[in-house]
>>> print(open('work.cif').read())   # mmCIF, C-alpha atoms
data_run
loop_
_atom_site.label_atom_id
_atom_site.label_comp_id
_atom_site.auth_asym_id
_atom_site.auth_seq_id
_atom_site.Cartn_x
_atom_site.Cartn_y
_atom_site.Cartn_z
CA MET O 1 -17.16 13.71 4.99
CA LYS O 2 -15.82 10.35 6.08
CA TYR O 3 -12.39 10.02 4.46
CA PHE O 4 -9.22 12.10 4.20
CA VAL O 5 -7.01 10.80 1.40
CA LEU O 6 -3.51 12.29 1.22
CA ASP O 7 -0.90 11.97 -1.50
CA VAL O 8 2.18 11.74 0.70
CA ASP O 9 4.87 13.31 -1.49
CA GLY O 10 4.66 17.08 -1.37
CA VAL O 11 1.99 16.98 1.34
CA LEU O 12 3.83 15.26 4.21
CA THR O 13 7.24 15.86 2.63
CA ASP O 14 8.97 18.91 1.23
CA GLY O 15 8.52 17.34 -2.22
CA LYS O 16 12.23 16.76 -2.74
CA PHE O 17 13.87 13.42 -3.43
CA TYR O 18 17.44 12.88 -2.29
CA TYR O 19 19.65 10.68 -4.45
CA SER O 20 23.00 8.97 -4.14
CA VAL O 21 24.72 6.91 -6.83
CA GLU O 22 22.55 4.00 -5.61
CA GLY O 23 19.35 5.95 -6.33
CA LYS O 24 16.66 7.54 -4.18
CA VAL O 25 17.73 7.25 -0.56
CA LEU O 26 15.95 9.93 1.50
CA LYS O 27 12.78 11.98 1.81
CA SER O 28 12.19 14.80 4.27
CA PHE O 29 9.05 14.52 6.42
CA GLY O 30 7.65 17.21 8.71
CA PRO O 31 7.84 16.63 12.48
CA ASP O 32 4.26 17.66 13.36
CA ASP O 33 2.22 15.71 10.82
CA ASN O 34 1.54 12.78 13.13
CA ASP O 35 0.11 15.02 15.85
CA ALA O 36 -2.19 16.85 13.44
CA LEU O 37 -3.36 13.64 11.78
CA SER O 38 -4.07 12.01 15.12
CA LEU O 39 -6.53 14.84 15.83
CA ILE O 40 -8.14 14.55 12.39
CA SER O 41 -8.42 10.76 12.67
CA ASN O 42 -11.00 11.22 15.43
CA PHE O 43 -13.38 12.54 12.77
CA LEU O 44 -12.23 11.08 9.43
CA LYS O 45 -10.58 7.89 8.26
CA VAL O 46 -7.08 8.95 7.18
CA ILE O 47 -5.76 7.16 4.08
CA PHE O 48 -2.34 7.59 2.47
CA VAL O 49 -1.42 7.06 -1.17
CA THR O 50 1.76 7.52 -3.16
CA GLY O 51 2.63 7.13 -6.81
CA ASP O 52 6.35 6.94 -6.09
CA LYS O 53 7.39 3.34 -6.77
CA LYS O 54 11.11 3.96 -6.25
CA GLY O 55 10.60 5.72 -2.94
CA TYR O 56 7.74 3.50 -1.74
CA GLU O 57 9.72 1.73 0.99
CA ILE O 58 10.99 5.06 2.38
CA THR O 59 7.46 6.46 2.52
CA LYS O 60 5.99 3.23 3.86
CA LYS O 61 8.45 3.33 6.78
CA ARG O 62 7.25 6.78 7.88
CA ILE O 63 3.56 6.11 7.35
CA THR O 64 3.57 2.78 9.22
CA GLU O 65 5.53 4.36 12.09
CA MET O 66 2.60 6.78 12.43
CA GLY O 67 0.22 3.79 12.59
CA TYR O 68 -1.31 4.02 9.11
CA SER O 69 -1.08 2.00 5.92
CA LEU O 70 0.08 3.15 2.50
CA ASP O 71 -1.30 2.29 -0.93
CA LEU O 72 0.73 2.59 -4.13
CA VAL O 73 -1.65 4.25 -6.61
CA SER O 74 -0.64 6.38 -9.58
CA THR O 75 -2.31 9.79 -9.72
CA ILE O 76 -3.90 8.86 -13.05
CA SER O 77 -5.59 5.82 -11.41
CA ARG O 78 -6.73 7.55 -8.23
CA ILE O 79 -10.24 8.47 -9.30
CA ASP O 80 -11.02 4.82 -10.10
CA TRP O 81 -9.20 3.68 -6.94
CA ILE O 82 -11.29 6.02 -4.77
CA GLN O 83 -14.54 5.13 -6.53
CA ASN O 84 -13.93 1.40 -5.97
CA ARG O 85 -13.33 1.86 -2.22
CA MET O 86 -15.52 4.72 -1.01
CA ASN O 87 -18.11 7.27 -2.02
CA PRO O 88 -16.09 10.08 -3.70
CA LYS O 89 -18.52 12.70 -2.35
CA GLU O 90 -17.45 11.67 1.18
CA VAL O 91 -13.73 12.17 0.43
CA ILE O 92 -11.47 15.10 1.18
CA TYR O 93 -8.42 14.72 -1.07
CA MET O 94 -5.10 16.49 -0.62
CA GLY O 95 -2.29 16.45 -3.15
CA ASP O 96 0.21 18.87 -4.64
CA GLY O 97 0.79 17.59 -8.17
CA ILE O 98 -0.60 18.97 -11.39
CA PHE O 99 -2.85 15.92 -11.91
CA ASP O 100 -4.13 16.01 -8.32
CA PHE O 101 -6.44 18.81 -9.47
CA TYR O 102 -8.55 16.26 -11.38
CA VAL O 103 -8.84 14.03 -8.33
CA MET O 104 -9.83 17.03 -6.18
CA GLN O 105 -12.56 17.97 -8.65
CA TYR O 106 -13.96 14.45 -8.45
CA CYS O 107 -14.03 14.30 -4.64
CA GLY O 108 -16.29 16.10 -2.21
#
>>> encode(input="work.cif", output="structure tokens")
Amino acid sequence: MKYFVLDVDGVLTDGKFYYSVEGKVLKSFGPDDNDALSLISNFLKVIFVTGDKKGYEITKKRITEMGYSLDLVSTISRIDWIQNRMNPKEVIYMGDGIFDFYVMQYCG
């Protein structure tokens, strides 16, 4: 395996979105994710994706603070996205949504 692709929402967050009258304003991220991922990144390239357009800037802030980049890719498009960038058999994929199952089946 060469790549670890994570769907941020529900994996690095508690899966909840916090709204005000202005819209989505907060997401809750775990405190230890950066430490764990820094250990993993010695062995695999860590790649983050999200399908959350409205919360993209919130997620991007956390991911870039950890030193990574974030790609906006809908779950339905992820198989094609992965195939166009890497060998799917070299990918560990982590997600928590109902459609993530199909991406997991496609990856190594």
>>> resolve_selection(input="work.cif", expression="the PyMOL selection byres ((chain O and resi 58) around 12)", output="PDB file with C-alpha atoms, keeping the file's coordinate frame")
ATOM      1  CA  VAL O   8       2.180  11.740   0.700  1.00  0.00           C
ATOM      2  CA  ASP O   9       4.870  13.310  -1.490  1.00  0.00           C
ATOM      3  CA  THR O  13       7.240  15.860   2.630  1.00  0.00           C
ATOM      4  CA  PHE O  17      13.870  13.420  -3.430  1.00  0.00           C
ATOM      5  CA  TYR O  18      17.440  12.880  -2.290  1.00  0.00           C
ATOM      6  CA  LYS O  24      16.660   7.540  -4.180  1.00  0.00           C
ATOM      7  CA  VAL O  25      17.730   7.250  -0.560  1.00  0.00           C
ATOM      8  CA  LEU O  26      15.950   9.930   1.500  1.00  0.00           C
ATOM      9  CA  LYS O  27      12.780  11.980   1.810  1.00  0.00           C
ATOM     10  CA  SER O  28      12.190  14.800   4.270  1.00  0.00           C
ATOM     11  CA  PHE O  29       9.050  14.520   6.420  1.00  0.00           C
ATOM     12  CA  THR O  50       1.760   7.520  -3.160  1.00  0.00           C
ATOM     13  CA  ASP O  52       6.350   6.940  -6.090  1.00  0.00           C
ATOM     14  CA  LYS O  53       7.390   3.340  -6.770  1.00  0.00           C
ATOM     15  CA  LYS O  54      11.110   3.960  -6.250  1.00  0.00           C
ATOM     16  CA  GLY O  55      10.600   5.720  -2.940  1.00  0.00           C
ATOM     17  CA  TYR O  56       7.740   3.500  -1.740  1.00  0.00           C
ATOM     18  CA  GLU O  57       9.720   1.730   0.990  1.00  0.00           C
ATOM     19  CA  THR O  59       7.460   6.460   2.520  1.00  0.00           C
ATOM     20  CA  LYS O  60       5.990   3.230   3.860  1.00  0.00           C
ATOM     21  CA  LYS O  61       8.450   3.330   6.780  1.00  0.00           C
ATOM     22  CA  ARG O  62       7.250   6.780   7.880  1.00  0.00           C
ATOM     23  CA  ILE O  63       3.560   6.110   7.350  1.00  0.00           C
ATOM     24  CA  THR O  64       3.570   2.780   9.220  1.00  0.00           C
ATOM     25  CA  GLU O  65       5.530   4.360  12.090  1.00  0.00           C
ATOM     26  CA  LEU O  70       0.080   3.150   2.500  1.00  0.00           C
TER      27      LEU O  70
END
>>> residues_around(input="work.cif", residues="region 87-90 of chain O", least_positions_apart="5", cutoff="10 Å", atoms="only C-alpha atoms", output="list in words")
Met1, Lys2, Tyr3, Phe4, Leu44, Ile79, Asp80, Trp81, Ile82, Val103, Met104, Gln105, Tyr106, Cys107 and Gly108 of chain O
>>> closest_residue(input="work.cif", among="O:Asp7, O:Met86, O:Leu12, O:Ile98", to="Leu37 (chain O)", atoms="only C-alpha atoms")
O:Leu12
>>> closest_residue(input="work.cif", among="O:Gly51, O:Gly10, O:Asp100, O:Gly95", to="Gly30 (chain O)", atoms="all atoms listed in the file")
O:Gly10
>>> atom_distance(input="work.cif", atom1="CA of Phe99 (chain O)", atom2="CA of Arg85 (chain O)")
20.0 Å
>>> closest_residue(input="work.cif", among="O:Ser20, O:Ser77, O:Asn84, O:Ser38", to="Tyr102 (chain O)", atoms="only C-alpha atoms")
O:Ser77
>>> axis_aligned_box(input="work.cif", around="region 67-78 of chain O", padding_each_side="6 Å", output="AutoDock Vina command-line options")
--center_x -3.0 --center_y 5.9 --center_z -0.2 --size_x 19.5 --size_y 19.8 --size_z 37.6
>>> closest_residue(input="work.cif", among="O:Gly15, O:Gln83, O:Ser69, O:Ile76", to="Phe101 (chain O)", atoms="only C-alpha atoms")
O:Ile76
>>> closest_residue(input="work.cif", among="O:Val21, O:Val5, O:Met66, O:Val11", to="Asp35 (chain O)", atoms="all atoms listed in the file")
O:Met66
>>> atom_distance(input="work.cif", atom1="CA of Thr75 (chain O)", atom2="CA of Asn42 (chain O)")
26.6 Å
>>> atom_distance(input="work.cif", atom1="CA of Lys16 (chain O)", atom2="CA of Val49 (chain O)")
16.8 Å
>>> closest_residue(input="work.cif", among="O:Asn34, O:Tyr93, O:Ser41, O:Tyr19", to="Leu6 (chain O)", atoms="all atoms listed in the file")
O:Tyr93
